[in-house]
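Undergrad: Structure file query.txt (compact mmCIF, C-alpha atoms) is given on the next line.
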# COMPACT_ATOMS: atom_id res chain seq x y z
CA MET A 14 -1.46 -21.76 30.39
CA LYS A 15 -3.08 -18.61 31.67
CA ALA A 16 -1.44 -16.10 29.31
CA LEU A 17 -2.46 -18.09 26.24
CA ILE A 18 -6.04 -18.60 27.49
CA GLU A 19 -6.33 -14.86 28.04
CA LYS A 20 -5.06 -14.09 24.54
CA ILE A 21 -7.59 -16.50 23.05
CA GLN A 22 -10.36 -14.97 25.13
CA MET A 23 -9.39 -11.46 24.01
CA TYR A 24 -8.37 -11.99 20.38
CA GLY A 25 -9.37 -15.49 19.27
CA LYS A 26 -12.28 -15.76 16.86
CA ASN A 27 -14.53 -18.74 16.30
CA LEU A 28 -15.02 -18.80 12.52
CA GLY A 29 -17.32 -21.82 12.64
CA ASN A 30 -16.65 -25.36 11.42
CA GLY A 31 -14.15 -25.81 14.28
CA ILE A 32 -11.82 -23.15 12.95
CA LEU A 33 -10.25 -20.88 15.56
CA LYS A 34 -8.70 -17.72 14.18
CA VAL A 35 -5.58 -16.89 16.19
CA ASP A 36 -3.69 -15.05 13.50
CA SER A 37 -3.18 -11.91 15.57
CA PHE A 38 -0.76 -13.67 17.94
CA ILE A 39 0.19 -17.16 16.65
CA ASN A 40 0.08 -17.26 12.87
CA HIS A 41 0.40 -14.38 10.41
CA GLN A 42 1.04 -11.96 13.27
CA VAL A 43 3.09 -13.53 16.06
CA ASP A 44 3.56 -12.34 19.62
CA PRO A 45 7.21 -13.27 20.29
CA LEU A 46 7.01 -12.75 24.05
CA LEU A 47 3.97 -15.02 24.32
CA MET A 48 5.69 -17.63 22.13
CA ASP A 49 8.73 -17.40 24.35
CA GLU A 50 6.59 -18.06 27.41
CA CYS A 51 5.03 -21.07 25.64
CA GLY A 52 8.48 -22.36 24.70
CA GLN A 53 9.59 -22.05 28.30
CA GLU A 54 6.53 -23.99 29.46
CA PHE A 55 7.16 -26.80 26.95
CA ALA A 56 10.80 -26.95 28.04
CA HIS A 57 9.61 -27.35 31.61
CA ARG A 58 7.02 -30.02 30.80
CA PHE A 59 9.43 -32.02 28.62
CA ALA A 60 12.53 -31.59 30.76
CA GLN A 61 12.73 -35.33 31.51
CA ILE A 62 12.26 -36.93 28.07
CA ASN A 63 15.86 -36.50 26.87
CA ALA A 64 14.89 -35.21 23.44
CA THR A 65 17.69 -34.60 20.95
CA LYS A 66 15.68 -32.73 18.32
CA ILE A 67 12.45 -30.80 17.87
CA LEU A 68 10.31 -31.50 14.83
CA THR A 69 7.47 -29.32 13.58
CA ALA A 70 5.62 -28.54 10.36
CA GLU A 71 5.81 -25.28 8.47
CA ILE A 72 4.45 -22.71 8.82
CA SER A 73 2.68 -22.02 12.06
CA GLY A 74 4.52 -24.61 14.11
CA ILE A 75 7.82 -22.80 13.59
CA ALA A 76 7.36 -20.06 16.20
CA PRO A 77 6.51 -22.29 19.20
CA ALA A 78 9.03 -24.94 18.11
CA LEU A 79 11.81 -22.37 17.79
CA MET A 80 11.17 -20.93 21.24
CA THR A 81 11.01 -24.42 22.75
CA GLY A 82 14.28 -25.27 21.02
CA GLN A 83 15.85 -22.16 22.45
CA HIS A 84 14.87 -23.07 26.00
CA MET A 85 15.88 -26.72 25.61
CA GLY A 86 19.07 -26.01 23.65
CA LEU A 87 17.94 -28.27 20.80
CA PRO A 88 17.95 -27.89 17.02
CA VAL A 89 14.56 -27.48 15.35
CA VAL A 90 13.60 -29.15 12.07
CA TYR A 91 10.48 -28.03 10.25
CA ALA A 92 8.96 -30.34 7.68
CA ARG A 93 8.56 -28.51 4.37
CA LYS A 94 5.37 -28.58 2.34
CA THR A 95 7.26 -28.17 -0.93
CA LYS A 96 10.72 -29.45 -1.72
CA PRO A 97 13.20 -26.58 -2.15
CA ILE A 98 16.08 -26.91 -4.60
CA THR A 99 18.54 -27.03 -1.72
CA MET A 100 17.12 -30.39 -0.62
CA PRO A 101 18.58 -33.68 -1.86
CA ASP A 102 16.61 -35.79 -4.35
CA GLN A 103 16.01 -38.54 -1.81
CA VAL A 104 13.77 -37.31 1.02
CA TYR A 105 11.29 -38.53 3.59
CA LEU A 106 7.80 -37.60 2.43
CA THR A 107 4.33 -38.26 3.73
CA VAL A 108 0.92 -36.71 3.16
CA ALA A 109 -1.55 -35.47 5.74
CA PRO A 110 -5.02 -34.00 5.32
CA SER A 111 -5.16 -30.29 6.17
CA HIS A 112 -8.28 -29.29 8.03
CA THR A 113 -7.97 -25.58 7.22
CA LYS A 114 -7.02 -26.20 3.60
CA GLY A 115 -9.49 -28.99 2.86
CA ARG A 116 -6.93 -31.04 0.93
CA LEU A 117 -3.86 -33.22 1.38
CA THR A 118 -0.57 -31.48 2.04
CA GLU A 119 2.88 -33.01 1.79
CA LEU A 120 5.32 -33.09 4.68
CA ILE A 121 8.93 -33.44 3.59
CA VAL A 122 12.09 -33.82 5.67
CA SER A 123 15.61 -34.23 4.42
CA PRO A 124 17.42 -37.35 5.71
CA GLU A 125 20.30 -34.98 6.52
CA TYR A 126 18.45 -33.68 9.55
CA LEU A 127 16.49 -36.61 10.91
CA ALA A 128 18.64 -39.57 11.82
CA HIS A 129 18.38 -43.05 13.20
CA GLY A 130 18.37 -43.06 17.00
CA GLU A 131 17.29 -39.46 17.50
CA ARG A 132 14.75 -38.71 20.22
CA VAL A 133 12.20 -36.39 18.68
CA LEU A 134 9.90 -33.94 20.43
CA ILE A 135 7.09 -32.81 18.11
CA ILE A 136 5.81 -29.26 18.67
CA ASP A 137 2.93 -27.72 16.73
CA ASP A 138 0.36 -24.95 17.08
CA PHE A 139 -2.83 -27.08 17.09
CA LEU A 140 -3.82 -30.56 18.14
CA ALA A 141 -7.05 -31.10 16.22
CA SER A 142 -7.60 -34.48 14.52
CA GLY A 143 -3.94 -35.31 15.03
CA ALA A 144 -3.43 -35.90 11.30
CA THR A 145 -0.48 -33.51 10.88
CA ILE A 146 1.20 -34.80 14.01
CA LEU A 147 0.74 -38.41 12.92
CA GLY A 148 2.35 -37.41 9.62
CA LEU A 149 5.35 -36.06 11.52
CA VAL A 150 5.45 -39.28 13.57
CA ARG A 151 5.58 -41.32 10.34
CA LEU A 152 8.47 -39.20 9.05
CA ALA A 153 10.40 -39.67 12.28
CA GLN A 154 9.75 -43.41 12.35
CA THR A 155 10.79 -43.78 8.70
CA ALA A 156 14.06 -42.12 9.64
CA GLY A 157 14.52 -44.61 12.47
CA ALA A 158 14.04 -41.90 15.09
CA GLU A 159 11.88 -42.26 18.17
CA VAL A 160 9.12 -39.77 18.98
CA VAL A 161 9.28 -39.15 22.71
CA GLY A 162 6.72 -36.38 23.19
CA VAL A 163 4.14 -34.17 21.53
CA GLY A 164 3.43 -30.59 22.59
CA THR A 165 0.82 -28.28 21.10
CA LEU A 166 -0.28 -24.78 21.98
CA ILE A 167 -4.01 -25.40 21.58
CA GLU A 168 -5.87 -28.69 21.75
CA LYS A 169 -9.38 -28.92 20.34
CA SER A 170 -10.40 -31.93 22.40
CA PHE A 171 -13.65 -32.38 20.44
CA GLU A 172 -11.70 -33.33 17.31
CA GLY A 173 -10.20 -36.45 18.85
CA GLY A 174 -6.49 -35.87 18.26
CA ARG A 175 -5.47 -37.09 21.70
CA ARG A 176 -7.24 -40.39 21.11
CA ALA A 177 -5.54 -40.72 17.72
CA LEU A 178 -2.12 -40.35 19.40
CA ALA A 179 -2.84 -42.62 22.37
CA HIS A 180 -1.32 -45.73 20.78
CA LEU A 181 2.08 -44.01 20.77
CA GLY A 182 2.20 -44.22 24.57
CA ILE A 183 4.10 -40.94 24.92
CA PRO A 184 3.35 -37.71 26.79
CA VAL A 185 1.03 -35.36 24.88
CA GLU A 186 0.93 -31.88 26.36
CA SER A 187 -1.28 -28.97 25.34
CA LEU A 188 -0.95 -25.52 26.86
CA VAL A 189 -4.63 -24.76 26.33
CA CYS A 190 -7.55 -27.13 25.78
CA ILE A 191 -10.83 -26.17 24.10
CA SER A 192 -13.71 -28.58 24.58
CA SER A 193 -16.34 -27.02 22.35
CA MET A 194 -16.74 -24.38 19.67
CA ASP A 195 -20.44 -24.95 19.07
CA ASN A 196 -22.73 -22.00 18.41
CA GLY A 197 -19.91 -19.48 18.10
CA ALA A 198 -18.61 -20.11 21.62
CA ILE A 199 -15.06 -20.98 22.72
CA VAL A 200 -15.39 -23.29 25.74
CA PHE A 201 -12.20 -24.21 27.60
CA CYS A 202 -11.79 -27.67 29.14
CA ASP A 203 -12.27 -27.95 32.90
CA MET B 11 28.69 -11.36 12.84
CA LYS B 12 31.37 -13.83 13.78
CA ALA B 13 29.16 -16.73 14.92
CA LEU B 14 27.19 -16.65 11.68
CA ILE B 15 30.31 -16.43 9.50
CA GLU B 16 31.73 -19.45 11.31
CA LYS B 17 28.52 -21.45 10.79
CA ILE B 18 28.58 -20.65 7.08
CA GLN B 19 32.24 -21.61 6.87
CA MET B 20 31.56 -24.90 8.63
CA TYR B 21 28.17 -25.92 7.24
CA GLY B 22 27.25 -23.64 4.32
CA LYS B 23 27.36 -25.18 0.86
CA ASN B 24 27.77 -23.39 -2.45
CA LEU B 25 25.36 -25.19 -4.76
CA GLY B 26 26.29 -23.04 -7.75
CA ASN B 27 24.20 -20.43 -9.56
CA GLY B 28 24.50 -18.17 -6.49
CA ILE B 29 22.60 -20.56 -4.25
CA LEU B 30 23.95 -20.94 -0.73
CA LYS B 31 22.64 -23.96 1.16
CA VAL B 32 22.24 -23.04 4.82
CA ASP B 33 19.48 -25.47 5.66
CA SER B 34 21.33 -27.07 8.54
CA PHE B 35 21.05 -23.92 10.70
CA ILE B 36 18.72 -21.32 9.09
CA ASN B 37 16.06 -23.04 7.04
CA HIS B 38 14.70 -26.56 7.34
CA GLN B 39 16.90 -27.17 10.38
CA VAL B 40 17.20 -24.07 12.56
CA ASP B 41 19.73 -23.33 15.28
CA PRO B 42 17.60 -21.43 17.83
CA LEU B 43 20.57 -20.16 19.85
CA LEU B 44 22.25 -18.76 16.75
CA MET B 45 18.97 -17.17 15.65
CA ASP B 46 18.62 -15.66 19.10
CA GLU B 47 22.09 -14.15 18.82
CA CYS B 48 21.17 -12.74 15.40
CA GLY B 49 17.94 -11.29 16.80
CA GLN B 50 19.87 -9.64 19.59
CA GLU B 51 22.30 -8.13 17.10
CA PHE B 52 19.45 -6.74 14.95
CA ALA B 53 17.81 -5.29 18.05
CA HIS B 54 21.09 -3.56 18.86
CA ARG B 55 21.60 -2.21 15.34
CA PHE B 56 18.01 -0.98 15.02
CA ALA B 57 17.61 0.32 18.57
CA GLN B 58 17.18 3.92 17.35
CA ILE B 59 14.67 3.61 14.51
CA ASN B 60 11.53 3.47 16.68
CA ALA B 61 9.99 0.55 14.80
CA THR B 62 6.49 -0.50 15.83
CA LYS B 63 6.34 -3.77 13.90
CA ILE B 64 8.55 -6.34 12.24
CA LEU B 65 7.61 -7.63 8.81
CA THR B 66 9.05 -10.70 7.11
CA ALA B 67 8.11 -13.28 4.49
CA GLU B 68 7.35 -16.91 5.18
CA ILE B 69 9.07 -19.26 5.57
CA SER B 70 12.73 -18.74 6.28
CA GLY B 71 12.41 -15.14 7.45
CA ILE B 72 10.28 -16.22 10.40
CA ALA B 73 13.06 -17.47 12.69
CA PRO B 74 15.30 -14.35 12.57
CA ALA B 75 12.26 -12.03 12.61
CA LEU B 76 10.77 -13.76 15.64
CA MET B 77 14.00 -13.53 17.62
CA THR B 78 14.43 -9.88 16.66
CA GLY B 79 10.85 -9.21 17.74
CA GLN B 80 11.53 -10.88 21.05
CA HIS B 81 14.54 -8.67 21.75
CA MET B 82 12.78 -5.50 20.58
CA GLY B 83 9.43 -6.32 22.21
CA LEU B 84 7.62 -5.95 18.87
CA PRO B 85 4.97 -8.03 17.10
CA VAL B 86 6.09 -9.91 14.00
CA VAL B 87 3.98 -10.20 10.85
CA TYR B 88 4.95 -12.69 8.18
CA ALA B 89 3.60 -12.24 4.68
CA ARG B 90 1.87 -15.41 3.55
CA LYS B 91 2.47 -17.01 0.17
CA THR B 92 -1.04 -18.46 0.04
CA LYS B 93 -4.16 -16.97 1.54
CA PRO B 94 -5.45 -19.08 4.45
CA ILE B 95 -9.18 -19.30 5.12
CA THR B 96 -8.75 -17.32 8.32
CA MET B 97 -7.76 -14.25 6.29
CA PRO B 98 -10.35 -11.68 5.19
CA ASP B 99 -11.32 -11.45 1.52
CA GLN B 100 -9.71 -8.06 1.11
CA VAL B 101 -5.92 -8.28 1.50
CA TYR B 102 -2.70 -6.58 0.47
CA LEU B 103 -1.04 -8.70 -2.21
CA THR B 104 2.03 -8.29 -4.35
CA VAL B 105 4.19 -10.63 -6.39
CA ALA B 106 7.95 -11.04 -6.26
CA PRO B 107 10.27 -13.27 -8.30
CA SER B 108 11.78 -16.08 -6.22
CA HIS B 109 15.39 -16.82 -7.05
CA THR B 110 15.38 -20.29 -5.53
CA LYS B 111 12.00 -21.22 -6.99
CA GLY B 112 12.49 -19.72 -10.45
CA ARG B 113 8.97 -18.28 -10.56
CA LEU B 114 6.80 -15.51 -9.14
CA THR B 115 5.52 -15.96 -5.61
CA GLU B 116 2.74 -14.01 -3.97
CA LEU B 117 3.21 -12.07 -0.76
CA ILE B 118 -0.02 -11.48 1.13
CA VAL B 119 -0.68 -9.49 4.29
CA SER B 120 -3.99 -8.95 6.01
CA PRO B 121 -4.94 -5.27 6.52
CA GLU B 122 -5.71 -6.28 10.12
CA TYR B 123 -2.01 -6.42 10.95
CA LEU B 124 -0.39 -3.70 8.87
CA ALA B 125 -1.82 -0.28 9.53
CA HIS B 126 -1.41 3.32 8.42
CA GLY B 127 1.29 5.09 10.39
CA GLU B 128 3.19 2.00 11.52
CA ARG B 129 6.98 2.04 11.44
CA VAL B 130 8.07 -1.23 9.88
CA LEU B 131 11.38 -3.02 10.26
CA ILE B 132 11.80 -5.69 7.56
CA ILE B 133 13.83 -8.77 8.57
CA ASP B 134 14.65 -11.63 6.21
CA ASP B 135 17.20 -14.38 5.82
CA PHE B 136 18.82 -13.27 2.55
CA LEU B 137 19.47 -10.01 0.74
CA ALA B 138 20.09 -11.17 -2.82
CA SER B 139 18.47 -9.18 -5.65
CA GLY B 140 16.25 -7.41 -3.13
CA ALA B 141 13.10 -8.53 -4.96
CA THR B 142 11.39 -10.12 -1.95
CA ILE B 143 12.26 -7.19 0.28
CA LEU B 144 10.97 -4.70 -2.29
CA GLY B 145 7.76 -6.73 -2.36
CA LEU B 146 7.46 -6.35 1.42
CA VAL B 147 8.17 -2.62 1.04
CA ARG B 148 5.30 -2.33 -1.47
CA LEU B 149 2.94 -4.12 0.93
CA ALA B 150 3.90 -1.77 3.77
CA GLN B 151 3.55 1.31 1.60
CA THR B 152 0.17 0.16 0.30
CA ALA B 153 -0.96 -0.10 3.92
CA GLY B 154 0.23 3.45 4.55
CA ALA B 155 3.03 2.23 6.80
CA GLU B 156 6.60 3.50 6.67
CA VAL B 157 9.54 1.12 6.25
CA VAL B 158 12.28 2.38 8.58
CA GLY B 159 14.90 -0.35 8.26
CA VAL B 160 15.90 -3.59 6.56
CA GLY B 161 17.92 -6.32 8.25
CA THR B 162 19.07 -9.57 6.67
CA LEU B 163 21.20 -12.40 7.96
CA ILE B 164 23.22 -12.89 4.78
CA GLU B 165 23.82 -10.40 1.99
CA LYS B 166 25.07 -11.64 -1.37
CA SER B 167 26.54 -8.32 -2.45
CA PHE B 168 27.17 -9.55 -5.99
CA GLU B 169 23.42 -9.77 -6.64
CA GLY B 170 22.86 -6.04 -6.21
CA GLY B 171 20.13 -5.99 -3.57
CA ARG B 172 21.68 -3.12 -1.63
CA ARG B 173 21.66 -0.94 -4.76
CA ALA B 174 18.04 -1.87 -5.41
CA LEU B 175 17.09 -0.66 -1.92
CA ALA B 176 19.22 2.51 -1.96
CA HIS B 177 16.37 4.78 -3.12
CA LEU B 178 14.52 4.05 0.13
CA GLY B 179 17.14 6.01 2.08
CA ILE B 180 16.87 3.78 5.14
CA PRO B 181 19.43 1.72 7.06
CA VAL B 182 20.10 -1.69 5.49
CA GLU B 183 22.01 -4.03 7.80
CA SER B 184 23.36 -7.48 7.02
CA LEU B 185 25.00 -9.66 9.65
CA VAL B 186 27.20 -11.38 7.06
CA CYS B 187 28.19 -10.24 3.57
CA ILE B 188 29.33 -12.56 0.80
CA SER B 189 31.04 -10.91 -2.16
CA SER B 190 31.49 -13.88 -4.48
CA MET B 191 30.40 -17.45 -4.93
CA ASP B 192 32.28 -18.08 -8.17
CA ASN B 193 33.95 -21.44 -8.79
CA GLY B 194 32.45 -23.09 -5.74
CA ALA B 195 33.99 -20.65 -3.26
CA ILE B 196 32.26 -18.60 -0.56
CA VAL B 197 34.13 -15.29 -0.31
CA PHE B 198 33.19 -12.95 2.52
CA CYS B 199 33.27 -9.16 2.00
CA ASP B 200 36.23 -7.28 3.47
Could you render the structure from this file as structure tokens?
TA:
Amino acid sequence: MKALIEKIQMYGKNLGNGILKVDSFINHQVDPLLMDECGQEFAHRFAQINATKILTAEISGIAPALMTGQHMGLPVVYARKTKPITMPDQVYLTVAPSHTKGRLTELIVSPEYLAHGERVLIIDDFLASGATILGLVRLAQTAGAEVVGVGTLIEKSFEGGRRALAHLGIPVESLVCISSMDNGAIVFCD
Amino acid sequence: MKALIEKIQMYGKNLGNGILKVDSFINHQVDPLLMDECGQEFAHRFAQINATKILTAEISGIAPALMTGQHMGLPVVYARKTKPITMPDQVYLTVAPSHTKGRLTELIVSPEYLAHGERVLIIDDFLASGATILGLVRLAQTAGAEVVGVGTLIEKSFEGGRRALAHLGIPVESLVCISSMDNGAIVFCD
């Protein structure tokens, strides 16, 4: 998606070790109009999958998921990383390694909002190793829901996430693909 | 705001101790269309304050802040509760007591996204004691920015937040006001 590529070219920073700093328009500071455009694009790409719910992970997945939900008219559930007191005792919980945090994080969803038979579209900011998204897939499957698509803003193709998701046999869409971040560069896929 | 009152009447749960469970449409599960309506209402109410930026706190402030930012054409900054590795070493940090967590939480903003002279509109989900919002005010003031308005989805007037913000002398707008949650009830203000 052209607008997102341009933002990355202008404001994205390669911090090394595969970490792309996009906190002036995606996380920490968010550009709502850009996120809206991304949500519209996801809604277009996933118009045919008959999703009934959007699932994401806090925190930085919330903005693109919310805008996608708005355009598709679907509720958005974000997996929590800590269990708030408003959540029931019995929850769906899995752990996933966090690349940017260097440790395992929990992903928790209340059974109230993820039900048997739902058709789940997963939206997140990054597709890197796929670990977070596979965690969300496990949560959905535990609930008896079916994951019918995965959409991410930025795919780092060199981290293998697409391969890790291939066995699911569902559409995986990224709005921008980066093929290399070696030597301080940000190289977009052909 | 009528749509939000109706949602609370239908799906809100009084968990006791002043805690209102709204995680089927505001946090955990989010209703994007309702949040969009709330954002539109905030944009209407704050049309005259010439804000240059919206500030909120992760996690549950993000949805209403993002939608308000979309309608006002303003960037949204959410204060982080932990410092990610993409953030510079030198940050603005304050602590605020969390009612629902029963402990102090940190609120952290990068100086990159909160600058001297900015006119800040604070948006959050709840106005309870006002502690989180006063924390955001301190961050803005430390950055040399001016807070020009506060908007919250739900005010619990019995917790005194509006009084705690009065000295700021700025408009404080809530879309719904709850005057009592005694004995399991949810009583809306007149």
Undergrad: Report as a CSV table (one decimal) with C-alpha atoms, keeping the file's coordinate frame all protein, DNA and RNA residues lying within 8 Å of range 142-153 of chain B, evaluated on only C-alpha atoms, omitting residues in the same chain fewer than 4 positions from it.
TA:
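Written output follows (around.csv):
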chain,number,residue,atom,x,y,z
B,65,LEU,CA,7.6,-7.6,8.8
B,66,THR,CA,9.0,-10.7,7.1
B,67,ALA,CA,8.1,-13.3,4.5
B,89,ALA,CA,3.6,-12.2,4.7
B,102,TYR,CA,-2.7,-6.6,0.5
B,103,LEU,CA,-1.0,-8.7,-2.2
B,104,THR,CA,2.0,-8.3,-4.4
B,105,VAL,CA,4.2,-10.6,-6.4
B,106,ALA,CA,8.0,-11.0,-6.3
B,107,PRO,CA,10.3,-13.3,-8.3
B,108,SER,CA,11.8,-16.1,-6.2
B,117,LEU,CA,3.2,-12.1,-0.8
B,118,ILE,CA,0.0,-11.5,1.1
B,119,VAL,CA,-0.7,-9.5,4.3
B,121,PRO,CA,-4.9,-5.3,6.5
B,124,LEU,CA,-0.4,-3.7,8.9
B,125,ALA,CA,-1.8,-0.3,9.5
B,126,HIS,CA,-1.4,3.3,8.4
B,130,VAL,CA,8.1,-1.2,9.9
B,132,ILE,CA,11.8,-5.7,7.6
B,134,ASP,CA,14.6,-11.6,6.2
B,137,LEU,CA,19.5,-10.0,0.7
B,157,VAL,CA,9.5,1.1,6.2
B,175,LEU,CA,17.1,-0.7,-1.9
Undergrad: Excluding Ile64 in chain B and any residue of its chain fewer than 2 positions from it, enumerate the residues within 8 Å of it, using all atoms listed in the file, and give them as a count of residues only.
TA: 13
Undergrad: Residues of chain B no more than 8 Å from chain A, counting all atoms listed in the file: send them over as a count of residues only.
TA: 34
Undergrad: Between CA of Pro74 in chain B and CA of Gln50 in chain B, what is the distance, to one decimal in Å?
TA: 9.6 Å
Undergrad: May I have the residues within 9 Å of Cys187 in chain B as number ranges by chain, using only C-alpha atoms and disregarding those fewer than 6 positions away in the same chain?
TA: B: 15, 163-167, 197-200
Undergrad: Since we have the selection now, will you write its residues out, keeping C-alpha atoms, as a short mmCIF file (atom, residue, chain, number, x, y, z; two decimals), keeping the file's coordinate frame?
TA:
data_model
loop_
_atom_site.label_atom_id
_atom_site.label_comp_id
_atom_site.auth_asym_id
_atom_site.auth_seq_id
_atom_site.Cartn_x
_atom_site.Cartn_y
_atom_site.Cartn_z
CA ILE B 15 30.31 -16.43 9.50
CA LEU B 163 21.20 -12.40 7.96
CA ILE B 164 23.22 -12.89 4.78
CA GLU B 165 23.82 -10.40 1.99
CA LYS B 166 25.07 -11.64 -1.37
CA SER B 167 26.54 -8.32 -2.45
CA VAL B 197 34.13 -15.29 -0.31
CA PHE B 198 33.19 -12.95 2.52
CA CYS B 199 33.27 -9.16 2.00
CA ASP B 200 36.23 -7.28 3.47
#
Undergrad: Give me, please, the distance in Å between CA of Arg58 in chain A and CA of Glu186 in chain A, quoted to one decimal.
TA: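 Pair CA of Arg58 in chain A / CA of Glu186 in chain A returns 7.8 Å.
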Undergrad: Rounded to one decimal place, report the CA of His57 in chain A-CA of Ser142 in chain A distance in Å.
TA: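 Separation of CA of His57 in chain A and CA of Ser142 in chain A: 25.3 Å.
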Undergrad: Pick out the residues sitting within 10 Å of Lys12 in chain B, and hand them over as a list in words; count only C-alpha atoms, and ignore anything fewer than 6 positions along from it in its own chain.
TA: Ile18, Leu185 and Val186 of chain B
Undergrad: If we count all atoms listed in the file and set the cut-off at 12 Å, which residues sit around Asn196 in chain A, ignoring sequence neighbours fewer than 2 positions away in its own chain? Please answer as a PDB file with C-alpha atoms, in the frame of the given file.
TA:
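Heads up, here's the output in part24.pdb:
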ATOM      1  CA  ASN A  27     -14.530 -18.740  16.300  1.00  0.00           C
ATOM      2  CA  LEU A  28     -15.020 -18.800  12.520  1.00  0.00           C
ATOM      3  CA  GLY A  29     -17.320 -21.820  12.640  1.00  0.00           C
ATOM      4  CA  ASN A  30     -16.650 -25.360  11.420  1.00  0.00           C
ATOM      5  CA  GLY A  31     -14.150 -25.810  14.280  1.00  0.00           C
ATOM      6  CA  SER A 193     -16.340 -27.020  22.350  1.00  0.00           C
ATOM      7  CA  MET A 194     -16.740 -24.380  19.670  1.00  0.00           C
ATOM      8  CA  ALA A 198     -18.610 -20.110  21.620  1.00  0.00           C
ATOM      9  CA  ILE A 199     -15.060 -20.980  22.720  1.00  0.00           C
ATOM     10  CA  VAL A 200     -15.390 -23.290  25.740  1.00  0.00           C
TER      11      VAL A 200
END
Undergrad: Using all atoms of range 184-195 of chain B listed in the file and a margin of 6 Å per side, can you give the axis-aligned box centre and edge lengths in Å to one decimal, as JSON?
TA:
{"center_x": 28.7, "center_y": -15.3, "center_z": 0.4, "size_x": 22.6, "size_y": 27.6, "size_z": 30.4}
Undergrad: Got a minute to add all heavy atoms to range 138-143 of chain A and dump it as a JSON list (two decimals), in the frame of the given file?
TA:
[["chain", "number", "residue", "atom", "x", "y", "z"],
["A", 138, "ASP", "N", 1.29, -25.94, 16.52],
["A", 138, "ASP", "CA", 0.36, -24.95, 17.08],
["A", 138, "ASP", "C", -0.94, -25.62, 17.57],
["A", 138, "ASP", "O", -1.35, -25.41, 18.69],
["A", 138, "ASP", "CB", 0.09, -23.80, 16.10],
["A", 138, "ASP", "CG", -0.42, -24.26, 14.74],
["A", 138, "ASP", "OD1", -0.29, -25.46, 14.41],
["A", 138, "ASP", "OD2", -0.94, -23.41, 13.99],
["A", 139, "PHE", "N", -1.54, -26.48, 16.74],
["A", 139, "PHE", "CA", -2.83, -27.08, 17.09],
["A", 139, "PHE", "C", -2.75, -28.60, 17.19],
["A", 139, "PHE", "O", -2.07, -29.25, 16.40],
["A", 139, "PHE", "CB", -3.89, -26.74, 16.04],
["A", 139, "PHE", "CG", -4.51, -25.38, 16.22],
["A", 139, "PHE", "CD1", -4.08, -24.29, 15.47],
["A", 139, "PHE", "CD2", -5.52, -25.19, 17.15],
["A", 139, "PHE", "CE1", -4.66, -23.04, 15.64],
["A", 139, "PHE", "CE2", -6.11, -23.95, 17.32],
["A", 139, "PHE", "CZ", -5.67, -22.87, 16.57],
["A", 140, "LEU", "N", -3.47, -29.14, 18.16],
["A", 140, "LEU", "CA", -3.82, -30.56, 18.14],
["A", 140, "LEU", "C", -5.31, -30.64, 17.85],
["A", 140, "LEU", "O", -6.14, -30.31, 18.71],
["A", 140, "LEU", "CB", -3.50, -31.24, 19.48],
["A", 140, "LEU", "CG", -3.97, -32.70, 19.63],
["A", 140, "LEU", "CD1", -3.39, -33.59, 18.55],
["A", 140, "LEU", "CD2", -3.63, -33.26, 21.02],
["A", 141, "ALA", "N", -5.64, -30.99, 16.61],
["A", 141, "ALA", "CA", -7.05, -31.10, 16.22],
["A", 141, "ALA", "C", -7.36, -32.58, 16.01],
["A", 141, "ALA", "O", -7.50, -33.32, 16.98],
["A", 141, "ALA", "CB", -7.31, -30.26, 14.97],
["A", 142, "SER", "N", -7.37, -33.04, 14.77],
["A", 142, "SER", "CA", -7.60, -34.48, 14.52],
["A", 142, "SER", "C", -6.34, -35.29, 14.77],
["A", 142, "SER", "O", -6.39, -36.52, 14.86],
["A", 142, "SER", "CB", -8.05, -34.69, 13.08],
["A", 142, "SER", "OG", -6.96, -34.45, 12.20],
["A", 143, "GLY", "N", -5.21, -34.61, 14.85],
["A", 143, "GLY", "CA", -3.94, -35.31, 15.03],
["A", 143, "GLY", "C", -3.29, -35.72, 13.72],
["A", 143, "GLY", "O", -2.20, -36.31, 13.72]]
